[in-house]
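Student: Please read through the structure below; I'll follow up with questions.
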Amino acid sequence: MFMAGRVSSLVALVVIFVSMLWGMKWARTRLPSIRKIAGLDAIEEGVGRATEMGKGVFFTPGWADISGESAAPTFAALDVLGHVATLTAKYGTRLVVGVSFPNVYPLAYQTVQQSYLLAGRPDAFDPDMIRFTSPMQYAYAAACLGMIQRENVAATVLVGAFASEAVNFAEATVAVGALAIAGTTTTSQLPYFAAACDYTMIGEELLAAGAYISKDPRRLGSIMGQDYAKLIALAILLTGVFLKTGGSNVIADLLKR
Amino acid sequence: MKRELPVAIAGLLGVLMLVDYFLNIKAAKTLSVEMQNWVIIIAALALALAALNLVINHSRRISRKDPDSLHSYLLIISLVLTVISGVFFGPSHVSFKFIFEAIINPLASAFYAMACFHLASATYRAFRAHNLQASALLITGMLVMLGRAPIGEVIWSKFPAISTWIMSVANLAGMRGIMISSAVGMIGVGLRVMVGIDRTHLGLGE
């Protein structure tokens with residue numbers, strides 16, 4: 001009945017889901033807290049900076065679609081986009097969003113439109129804020145670089161899944177003197193963002209953005225549940241390391257099932 | 001209904017995909033393949049919508065006579081020529097291949113080459129010993145660079161071994177830690193989207 005080699009993955013998924021449910025239930029009684037994430041706090045600083053300077057804010061949710069392993073960071077990026085759009089609506093700051101994949105375009109459009117509506121500024125929403133570029137990597141990168149340089153931005157928010165264009169975006173931001181806030185789960189691009197950007201969200205800091213910004217008890221509770229699931233994973237990891245050192249492959253064999 | 005229906009559809013399809021991935025059920029496999037075909041069709045519609053946005057956006061710039069409207073002219077002309085070439089002559093035709101092999105690929109290669117200079121610029125700014133962590137970054141970076149460049153081995157034969165240790169032990173351990181936590185986080189995001197707790201992307205707000 002079960003697909004070969006996927007039973008352990010199913011068990012892991014169930015454990016994570018159960019711990020998330022437990023976290024959400026616990027959060028009903030007492031709101032969990034997430035430690036300060038400098039990158040997310042800096043977004044308001046960046047939008048404020050752009051407002052004071054009379055410049056705009058550039059946002060891109062990365063070179064990624066809403067499928068495969070880049071789906072989660074793209075959804076997280078859309079959460080951050082909602083927050084950025086709410087702030088730009090509130091302060092009357094110009095926002096430019098560069099989107100790479102066609103599937104992400106309507107989601108980004110709707111996110112920004114809804115944010116402006118909820119902020120009480122539906123009149124300030126301009127469909128030209130959200131610009132489709134290209135699903136081809138370097139066409140997208142060139143288009144976004146052009147937007148950063150020509151749109152006179154004071155802050156750029158680069159969150160999502162990126163490939164080698166990450167360093168280009170970061171350096172273009174530095175070249176125009178803008179504040180760079182980045183976040184990605186792509187481990188190969190993290191060093192470039194960390195070296196070149198003012199604020200960097202590493203891995204799960206980006207994925208927790210929605211919960212951190214909204215302070216929704218269910219989301220915060222699910223993040224807490226995920227943390228306990230990571231502790232379980234750590235325990236299994238350490239047990240496996242000790243057993244393997246002692247010559248036993250029990251954990252390794254179990255995880256292959 | 002407007003709020004619940006998209007969430008319900010997303011949740012049901014998510015469960016279907018999970019069932020297809022983990023369980024060996026023929027009906028689930030058939031449904032899953034059909035849904036994936038539908039996704040391709042919807043993606044094509046999304047591409048049409050996005051391309052329309054592109055044309056409208058740049059047409060507005062041309063009609064407003066923006067200072068950078070030359071780029072908009074170039075974009076629209078390129079778009080039309082590529083569409084004509086692809087639709088009327090097919091992707092195997094010499095004209096379509098020319099667009100990719102003689103224009104797009106060289107431009108992409110040139111852009112990729114820019115990353116080298118941007119990287120050097122980022123490295124120059126990042127490698128400053130202004131505090132303990134920055135100093136550690138500087139020293140580690142220097143050791144790895146000397147280990148990877150041929151001149152490093154000429155200076156001292158142990159540099160490559162040190163560099164390899166840093167990359168395959170210290171760096172890999174850190175990266176794996178980030179990958180494991182990101183993987184759990186991604187599962188969390190997926191489950192929250194399926195269950196309807198995360199709904200910002202649907203424009204439903206809080």
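Ligands are numbered from 1 in the order shown, residues from 1 within each chain, and chains are lettered A, B, ... in the order they appear in the structure tokens.
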Please identify every residue of chain A that has at least one atom no more than 8 Å from any atom of chain B, counting only C-alpha atoms, and report them as a PyMOL selection string.
Tutor: chain A and resi 1-3+6-7+10+13+16-17+20+72-73+75-76+78-79+82+102-103+105-108+110-115+128+131-133+138-139+142+164-165+167-168+171+185+187+192+195-196+202-204+207-208+210+214+218-219+222-223+226+229-230
Student: Could those selected residues go to a file with C-alpha atoms, as an mmCIF file, in the first residue's frame?
Tutor:
```cif
data_model
loop_
_atom_site.group_PDB
_atom_site.id
_atom_site.type_symbol
_atom_site.label_atom_id
_atom_site.label_comp_id
_atom_site.auth_asym_id
_atom_site.auth_seq_id
_atom_site.Cartn_x
_atom_site.Cartn_y
_atom_site.Cartn_z
ATOM 1 C CA MET A 1 0.000 0.000 0.000
ATOM 2 C CA PHE A 2 2.801 2.432 0.868
ATOM 3 C CA MET A 3 5.276 3.555 -1.772
ATOM 4 C CA ARG A 6 8.669 6.836 1.552
ATOM 5 C CA VAL A 7 7.334 5.432 4.807
ATOM 6 C CA LEU A 10 5.292 9.957 5.827
ATOM 7 C CA LEU A 13 5.276 14.506 7.951
ATOM 8 C CA ILE A 16 5.511 17.566 12.114
ATOM 9 C CA PHE A 17 1.784 17.982 11.504
ATOM 10 C CA MET A 20 2.062 21.893 14.700
ATOM 11 C CA ALA A 72 7.265 27.607 0.380
ATOM 12 C CA PRO A 73 9.718 30.529 0.156
ATOM 13 C CA PHE A 75 4.445 31.905 -0.334
ATOM 14 C CA ALA A 76 6.486 33.337 2.531
ATOM 15 C CA LEU A 78 4.024 36.914 -0.625
ATOM 16 C CA ASP A 79 3.329 37.237 3.115
ATOM 17 C CA GLY A 82 1.485 41.938 1.996
ATOM 18 C CA PRO A 102 3.448 34.025 -14.492
ATOM 19 C CA ASN A 103 1.783 31.943 -11.757
ATOM 20 C CA TYR A 105 1.911 37.441 -10.891
ATOM 21 C CA PRO A 106 -1.834 37.174 -10.065
ATOM 22 C CA LEU A 107 -1.040 36.215 -6.463
ATOM 23 C CA ALA A 108 1.263 39.211 -6.051
ATOM 24 C CA GLN A 110 -4.066 40.276 -5.403
ATOM 25 C CA THR A 111 -1.850 40.502 -2.324
ATOM 26 C CA VAL A 112 -0.927 44.135 -3.033
ATOM 27 C CA GLN A 113 -4.461 45.117 -4.027
ATOM 28 C CA GLN A 114 -5.925 43.555 -0.888
ATOM 29 C CA SER A 115 -3.289 45.198 1.311
ATOM 30 C CA ASP A 128 1.470 49.072 -12.820
ATOM 31 C CA ARG A 131 5.334 44.054 -13.162
ATOM 32 C CA PHE A 132 5.765 40.714 -14.794
ATOM 33 C CA THR A 133 9.288 40.362 -16.181
ATOM 34 C CA TYR A 138 18.696 36.559 -16.682
ATOM 35 C CA ALA A 139 15.841 38.353 -18.380
ATOM 36 C CA ALA A 142 18.126 42.332 -16.005
ATOM 37 C CA SER A 164 22.926 33.480 -9.062
ATOM 38 C CA GLU A 165 21.104 36.766 -9.679
ATOM 39 C CA VAL A 167 24.494 38.940 -5.846
ATOM 40 C CA ASN A 168 23.556 41.140 -8.833
ATOM 41 C CA GLU A 171 25.145 44.991 -5.543
ATOM 42 C CA THR A 185 16.110 29.532 1.953
ATOM 43 C CA THR A 187 21.691 27.981 0.986
ATOM 44 C CA TYR A 192 26.052 36.605 -1.049
ATOM 45 C CA ALA A 195 27.918 39.780 2.570
ATOM 46 C CA ALA A 196 26.147 42.431 0.512
ATOM 47 C CA ILE A 202 18.316 33.098 6.901
ATOM 48 C CA GLY A 203 16.245 30.044 6.021
ATOM 49 C CA GLU A 204 13.409 29.621 8.437
ATOM 50 C CA LEU A 207 9.386 31.093 6.432
ATOM 51 C CA ALA A 208 8.247 32.393 9.843
ATOM 52 C CA GLY A 210 3.901 35.484 8.073
ATOM 53 C CA SER A 214 0.611 38.907 11.744
ATOM 54 C CA ARG A 218 -2.466 29.812 15.122
ATOM 55 C CA ARG A 219 0.539 30.697 13.002
ATOM 56 C CA SER A 222 2.446 26.237 14.374
ATOM 57 C CA ILE A 223 5.950 27.771 14.388
ATOM 58 C CA GLN A 226 7.728 23.112 14.157
ATOM 59 C CA ALA A 229 9.557 18.814 15.585
ATOM 60 C CA LYS A 230 13.089 20.059 14.917
#
```
Student: Find the residues around Ile236 in chain A up to 12 Å (only C-alpha atoms counted), leave out those fewer than 3 positions away in its own chain, and share them as a count of residues only.
Tutor: 17
Student: Can you check which parts of range 143-205 of chain A lie within 9 Å of range 24-42 of chain A? Per residue, the shortest pair of atoms and distance in Å to one decimal, counting only C-alpha atoms, sorted by chain and number, as a Markdown table.
Tutor:
```
| residue | atom | partner | partner_atom | distance |
| --- | --- | --- | --- | --- |
| A:Ile181 | CA | A:Gly39 | CA | 6.2 |
| A:Ala182 | CA | A:Gly39 | CA | 7.3 |
| A:Gly183 | CA | A:Gly39 | CA | 7.8 |
| A:Asp198 | CA | A:Gly39 | CA | 8.5 |
| A:Tyr199 | CA | A:Gly39 | CA | 5.0 |
| A:Thr200 | CA | A:Gly39 | CA | 5.8 |
| A:Met201 | CA | A:Gly39 | CA | 5.7 |
| A:Glu205 | CA | A:Ile37 | CA | 7.0 |
```
Student: Only C-alpha atoms, please: the residues just picked out, written as a PDB file, in the first residue's frame.
Tutor:
```pdb
ATOM      1  CA  ILE A 181      16.711  43.613   3.066  1.00  0.00           C
ATOM      2  CA  ALA A 182      17.048  40.053   1.856  1.00  0.00           C
ATOM      3  CA  GLY A 183      15.824  36.633   2.840  1.00  0.00           C
ATOM      4  CA  ASP A 198      22.118  45.332   5.258  1.00  0.00           C
ATOM      5  CA  TYR A 199      19.708  42.764   6.703  1.00  0.00           C
ATOM      6  CA  THR A 200      19.455  39.082   5.838  1.00  0.00           C
ATOM      7  CA  MET A 201      16.831  36.563   6.874  1.00  0.00           C
ATOM      8  CA  GLU A 205      13.409  33.276   9.488  1.00  0.00           C
TER       9      GLU A 205
END
```
Student: In Å to one decimal, how far is CA of Val174 in chain A from CA of Phe162 in chain A?
Tutor: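 Taking CA of Phe162 in chain A and CA of Val174 in chain A, their separation equals 17.9 Å.
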Student: Would you list, as a PDB file with N, CA and C atoms, in the first residue's frame, the residues of range 76-145 of chain A that end up in helix (DSSP H, G or I) under DSSP run on this structure's backbone?
Tutor:
```
ATOM      1  N   ALA A  76       5.992  32.495   1.436  1.00  0.00           N
ATOM      2  CA  ALA A  76       6.486  33.337   2.531  1.00  0.00           C
ATOM      3  C   ALA A  76       6.783  34.741   2.017  1.00  0.00           C
ATOM      4  N   ALA A  77       7.346  34.816   0.807  1.00  0.00           N
ATOM      5  CA  ALA A  77       7.654  36.124   0.212  1.00  0.00           C
ATOM      6  C   ALA A  77       6.362  36.912  -0.023  1.00  0.00           C
ATOM      7  N   LEU A  78       5.301  36.224  -0.407  1.00  0.00           N
ATOM      8  CA  LEU A  78       4.024  36.914  -0.625  1.00  0.00           C
ATOM      9  C   LEU A  78       3.464  37.450   0.696  1.00  0.00           C
ATOM     10  N   ASP A  79       3.712  36.725   1.790  1.00  0.00           N
ATOM     11  CA  ASP A  79       3.329  37.237   3.115  1.00  0.00           C
ATOM     12  C   ASP A  79       4.064  38.544   3.402  1.00  0.00           C
ATOM     13  N   VAL A  80       5.369  38.549   3.115  1.00  0.00           N
ATOM     14  CA  VAL A  80       6.183  39.756   3.341  1.00  0.00           C
ATOM     15  C   VAL A  80       5.698  40.873   2.417  1.00  0.00           C
ATOM     16  N   LEU A  81       5.326  40.512   1.173  1.00  0.00           N
ATOM     17  CA  LEU A  81       4.824  41.514   0.230  1.00  0.00           C
ATOM     18  C   LEU A  81       3.560  42.180   0.780  1.00  0.00           C
ATOM     19  N   GLY A  82       2.696  41.372   1.389  1.00  0.00           N
ATOM     20  CA  GLY A  82       1.485  41.938   1.996  1.00  0.00           C
ATOM     21  C   GLY A  82       1.832  42.978   3.047  1.00  0.00           C
ATOM     22  N   HIS A  83       2.834  42.675   3.861  1.00  0.00           N
ATOM     23  CA  HIS A  83       3.279  43.602   4.911  1.00  0.00           C
ATOM     24  C   HIS A  83       3.883  44.867   4.301  1.00  0.00           C
ATOM     25  N   VAL A  84       4.735  44.690   3.287  1.00  0.00           N
ATOM     26  CA  VAL A  84       5.364  45.848   2.628  1.00  0.00           C
ATOM     27  C   VAL A  84       4.294  46.725   1.984  1.00  0.00           C
ATOM     28  N   ALA A  85       3.330  46.093   1.310  1.00  0.00           N
ATOM     29  CA  ALA A  85       2.269  46.846   0.628  1.00  0.00           C
ATOM     30  C   ALA A  85       1.403  47.595   1.643  1.00  0.00           C
ATOM     31  N   THR A  86       1.151  46.985   2.795  1.00  0.00           N
ATOM     32  CA  THR A  86       0.373  47.663   3.839  1.00  0.00           C
ATOM     33  C   THR A  86       1.104  48.923   4.299  1.00  0.00           C
ATOM     34  N   LEU A  87       2.413  48.807   4.472  1.00  0.00           N
ATOM     35  CA  LEU A  87       3.198  49.964   4.929  1.00  0.00           C
ATOM     36  C   LEU A  87       3.273  51.039   3.848  1.00  0.00           C
ATOM     37  N   THR A  88       3.486  50.644   2.602  1.00  0.00           N
ATOM     38  CA  THR A  88       3.569  51.652   1.533  1.00  0.00           C
ATOM     39  C   THR A  88       2.218  52.333   1.319  1.00  0.00           C
ATOM     40  N   ALA A  89       1.132  51.592   1.537  1.00  0.00           N
ATOM     41  CA  ALA A  89      -0.196  52.200   1.444  1.00  0.00           C
ATOM     42  C   ALA A  89      -0.383  53.213   2.565  1.00  0.00           C
ATOM     43  N   LYS A  90       0.049  52.824   3.752  1.00  0.00           N
ATOM     44  CA  LYS A  90      -0.125  53.674   4.944  1.00  0.00           C
ATOM     45  C   LYS A  90       0.692  54.967   4.819  1.00  0.00           C
ATOM     46  N   TYR A  91       1.917  54.856   4.324  1.00  0.00           N
ATOM     47  CA  TYR A  91       2.800  56.021   4.256  1.00  0.00           C
ATOM     48  C   TYR A  91       2.745  56.747   2.915  1.00  0.00           C
ATOM     49  N   VAL A 104       2.945  33.469 -10.299  1.00  0.00           N
ATOM     50  CA  VAL A 104       3.098  34.301  -9.099  1.00  0.00           C
ATOM     51  C   VAL A 104       2.466  35.676  -9.326  1.00  0.00           C
ATOM     52  N   TYR A 105       2.400  36.101 -10.582  1.00  0.00           N
ATOM     53  CA  TYR A 105       1.911  37.441 -10.891  1.00  0.00           C
ATOM     54  C   TYR A 105       0.509  37.715 -10.337  1.00  0.00           C
ATOM     55  N   PRO A 106      -0.510  36.860 -10.613  1.00  0.00           N
ATOM     56  CA  PRO A 106      -1.834  37.174 -10.065  1.00  0.00           C
ATOM     57  C   PRO A 106      -1.873  37.130  -8.534  1.00  0.00           C
ATOM     58  N   LEU A 107      -1.063  36.276  -7.934  1.00  0.00           N
ATOM     59  CA  LEU A 107      -1.040  36.215  -6.463  1.00  0.00           C
ATOM     60  C   LEU A 107      -0.443  37.497  -5.895  1.00  0.00           C
ATOM     61  N   ALA A 108       0.641  37.966  -6.513  1.00  0.00           N
ATOM     62  CA  ALA A 108       1.263  39.211  -6.051  1.00  0.00           C
ATOM     63  C   ALA A 108       0.308  40.384  -6.260  1.00  0.00           C
ATOM     64  N   TYR A 109      -0.366  40.381  -7.397  1.00  0.00           N
ATOM     65  CA  TYR A 109      -1.329  41.443  -7.717  1.00  0.00           C
ATOM     66  C   TYR A 109      -2.416  41.503  -6.648  1.00  0.00           C
ATOM     67  N   GLN A 110      -2.966  40.333  -6.364  1.00  0.00           N
ATOM     68  CA  GLN A 110      -4.066  40.276  -5.403  1.00  0.00           C
ATOM     69  C   GLN A 110      -3.598  40.642  -3.998  1.00  0.00           C
ATOM     70  N   THR A 111      -2.399  40.206  -3.654  1.00  0.00           N
ATOM     71  CA  THR A 111      -1.850  40.502  -2.324  1.00  0.00           C
ATOM     72  C   THR A 111      -1.720  42.009  -2.144  1.00  0.00           C
ATOM     73  N   VAL A 112      -1.140  42.682  -3.140  1.00  0.00           N
ATOM     74  CA  VAL A 112      -0.927  44.135  -3.033  1.00  0.00           C
ATOM     75  C   VAL A 112      -2.269  44.867  -3.037  1.00  0.00           C
ATOM     76  N   GLN A 113      -3.151  44.444  -3.926  1.00  0.00           N
ATOM     77  CA  GLN A 113      -4.461  45.117  -4.027  1.00  0.00           C
ATOM     78  C   GLN A 113      -5.219  44.999  -2.708  1.00  0.00           C
ATOM     79  N   GLN A 114      -5.206  43.788  -2.144  1.00  0.00           N
ATOM     80  CA  GLN A 114      -5.925  43.555  -0.888  1.00  0.00           C
ATOM     81  C   GLN A 114      -5.294  44.358   0.248  1.00  0.00           C
ATOM     82  N   SER A 115      -3.975  44.445   0.255  1.00  0.00           N
ATOM     83  CA  SER A 115      -3.289  45.198   1.311  1.00  0.00           C
ATOM     84  C   SER A 115      -3.671  46.671   1.248  1.00  0.00           C
ATOM     85  N   TYR A 116      -3.721  47.217   0.041  1.00  0.00           N
ATOM     86  CA  TYR A 116      -4.101  48.620  -0.109  1.00  0.00           C
ATOM     87  C   TYR A 116      -5.557  48.829   0.298  1.00  0.00           C
ATOM     88  N   LEU A 117      -6.391  47.845  -0.003  1.00  0.00           N
ATOM     89  CA  LEU A 117      -7.811  47.944   0.361  1.00  0.00           C
ATOM     90  C   LEU A 117      -7.965  47.934   1.879  1.00  0.00           C
ATOM     91  N   LEU A 118      -7.256  46.988   2.526  1.00  0.00           N
ATOM     92  CA  LEU A 118      -7.366  46.855   3.988  1.00  0.00           C
ATOM     93  C   LEU A 118      -6.740  48.051   4.701  1.00  0.00           C
ATOM     94  N   PRO A 122      -7.560  52.208  -1.287  1.00  0.00           N
ATOM     95  CA  PRO A 122      -7.746  51.517  -2.572  1.00  0.00           C
ATOM     96  C   PRO A 122      -7.471  52.443  -3.760  1.00  0.00           C
ATOM     97  N   ASP A 123      -7.634  53.751  -3.542  1.00  0.00           N
ATOM     98  CA  ASP A 123      -7.393  54.711  -4.622  1.00  0.00           C
ATOM     99  C   ASP A 123      -5.916  54.798  -4.986  1.00  0.00           C
ATOM    100  N   ALA A 124      -5.066  54.476  -4.007  1.00  0.00           N
ATOM    101  CA  ALA A 124      -3.612  54.592  -4.237  1.00  0.00           C
ATOM    102  C   ALA A 124      -3.046  53.370  -4.968  1.00  0.00           C
ATOM    103  N   PRO A 127      -2.225  49.273 -10.772  1.00  0.00           N
ATOM    104  CA  PRO A 127      -1.860  47.954 -11.319  1.00  0.00           C
ATOM    105  C   PRO A 127      -0.434  47.904 -11.874  1.00  0.00           C
ATOM    106  N   ASP A 128       0.100  49.049 -12.275  1.00  0.00           N
ATOM    107  CA  ASP A 128       1.470  49.072 -12.820  1.00  0.00           C
ATOM    108  C   ASP A 128       2.536  48.846 -11.760  1.00  0.00           C
ATOM    109  N   MET A 129       2.119  48.809 -10.487  1.00  0.00           N
ATOM    110  CA  MET A 129       3.090  48.528  -9.417  1.00  0.00           C
ATOM    111  C   MET A 129       3.665  47.128  -9.593  1.00  0.00           C
ATOM    112  N   GLN A 137      15.799  33.321 -16.322  1.00  0.00           N
ATOM    113  CA  GLN A 137      16.537  33.847 -15.167  1.00  0.00           C
ATOM    114  C   GLN A 137      17.156  35.213 -15.419  1.00  0.00           C
ATOM    115  N   TYR A 138      17.942  35.322 -16.500  1.00  0.00           N
ATOM    116  CA  TYR A 138      18.696  36.559 -16.682  1.00  0.00           C
ATOM    117  C   TYR A 138      17.854  37.685 -17.262  1.00  0.00           C
ATOM    118  N   ALA A 139      16.778  37.317 -17.942  1.00  0.00           N
ATOM    119  CA  ALA A 139      15.841  38.353 -18.380  1.00  0.00           C
ATOM    120  C   ALA A 139      15.172  38.973 -17.157  1.00  0.00           C
ATOM    121  N   TYR A 140      14.761  38.116 -16.212  1.00  0.00           N
ATOM    122  CA  TYR A 140      14.176  38.594 -14.950  1.00  0.00           C
ATOM    123  C   TYR A 140      15.186  39.446 -14.191  1.00  0.00           C
ATOM    124  N   ALA A 141      16.428  38.940 -14.108  1.00  0.00           N
ATOM    125  CA  ALA A 141      17.460  39.666 -13.362  1.00  0.00           C
ATOM    126  C   ALA A 141      17.734  41.029 -13.992  1.00  0.00           C
ATOM    127  N   ALA A 142      17.849  41.061 -15.318  1.00  0.00           N
ATOM    128  CA  ALA A 142      18.126  42.332 -16.005  1.00  0.00           C
ATOM    129  C   ALA A 142      16.973  43.309 -15.802  1.00  0.00           C
ATOM    130  N   ALA A 143      15.738  42.796 -15.876  1.00  0.00           N
ATOM    131  CA  ALA A 143      14.575  43.667 -15.697  1.00  0.00           C
ATOM    132  C   ALA A 143      14.550  44.259 -14.295  1.00  0.00           C
ATOM    133  N   CYS A 144      14.800  43.417 -13.304  1.00  0.00           N
ATOM    134  CA  CYS A 144      14.776  43.902 -11.908  1.00  0.00           C
ATOM    135  C   CYS A 144      15.921  44.857 -11.640  1.00  0.00           C
ATOM    136  N   LEU A 145      17.081  44.576 -12.204  1.00  0.00           N
ATOM    137  CA  LEU A 145      18.209  45.496 -12.051  1.00  0.00           C
ATOM    138  C   LEU A 145      17.856  46.855 -12.636  1.00  0.00           C
TER     139      LEU A 145
END
```
Student: What's around range 146-148 of chain A at 12 Å? Count only C-alpha atoms, leave out sequence neighbours fewer than 6 positions away in its own chain, and write the answer as a PyMOL selection string.
Tutor: (chain A and resi 55-60+95-99+129-133+138-140+154-158+168-180) or (chain B and resi 68+71)
Student: What's the 8 Å shell around range 94-96 of chain B, counting only C-alpha atoms, without same-chain residues fewer than 5 positions away, as a JSON list (two decimals) with N, CA and C atoms, in the first residue's frame?
Tutor:
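Output saved as out28.json:
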```
[["chain", "number", "residue", "atom", "x", "y", "z"],
["B", 82, "THR", "N", 9.34, 37.52, -31.69],
["B", 82, "THR", "CA", 9.50, 36.17, -31.15],
["B", 82, "THR", "C", 8.20, 35.38, -31.27],
["B", 85, "SER", "N", 7.69, 34.48, -34.93],
["B", 85, "SER", "CA", 8.64, 33.43, -35.31],
["B", 85, "SER", "C", 8.21, 32.08, -34.75],
["B", 86, "GLY", "N", 7.81, 32.07, -33.48],
["B", 86, "GLY", "CA", 7.44, 30.81, -32.84],
["B", 86, "GLY", "C", 6.12, 30.24, -33.36],
["B", 89, "PHE", "N", 6.45, 29.91, -37.66],
["B", 89, "PHE", "CA", 7.53, 29.10, -38.22],
["B", 89, "PHE", "C", 7.90, 27.91, -37.33]]
```
Student: Using only C-alpha atoms, which residue out of B:Ala173, B:Ala10, B:Leu132, B:Ala102 lies closest to Val195 in chain B?
Tutor: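 Among the listed residues, B:Ala10 lies closest to Val195 in chain B.
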Student: Kindly indicate which residue among A:Gly247, A:Leu234, A:Leu21, A:Ala194 lies nearest to Leu220 in chain A, using only C-alpha atoms for the distances.
Tutor: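 Among the listed residues, A:Leu21 lies closest to Leu220 in chain A.
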Student: Which distance in Å separates CA of Val47 in chain A and CA of Thr93 in chain A, to one decimal?
Tutor: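 Answer for the CA of Val47 in chain A to CA of Thr93 in chain A separation: 7.3 Å.
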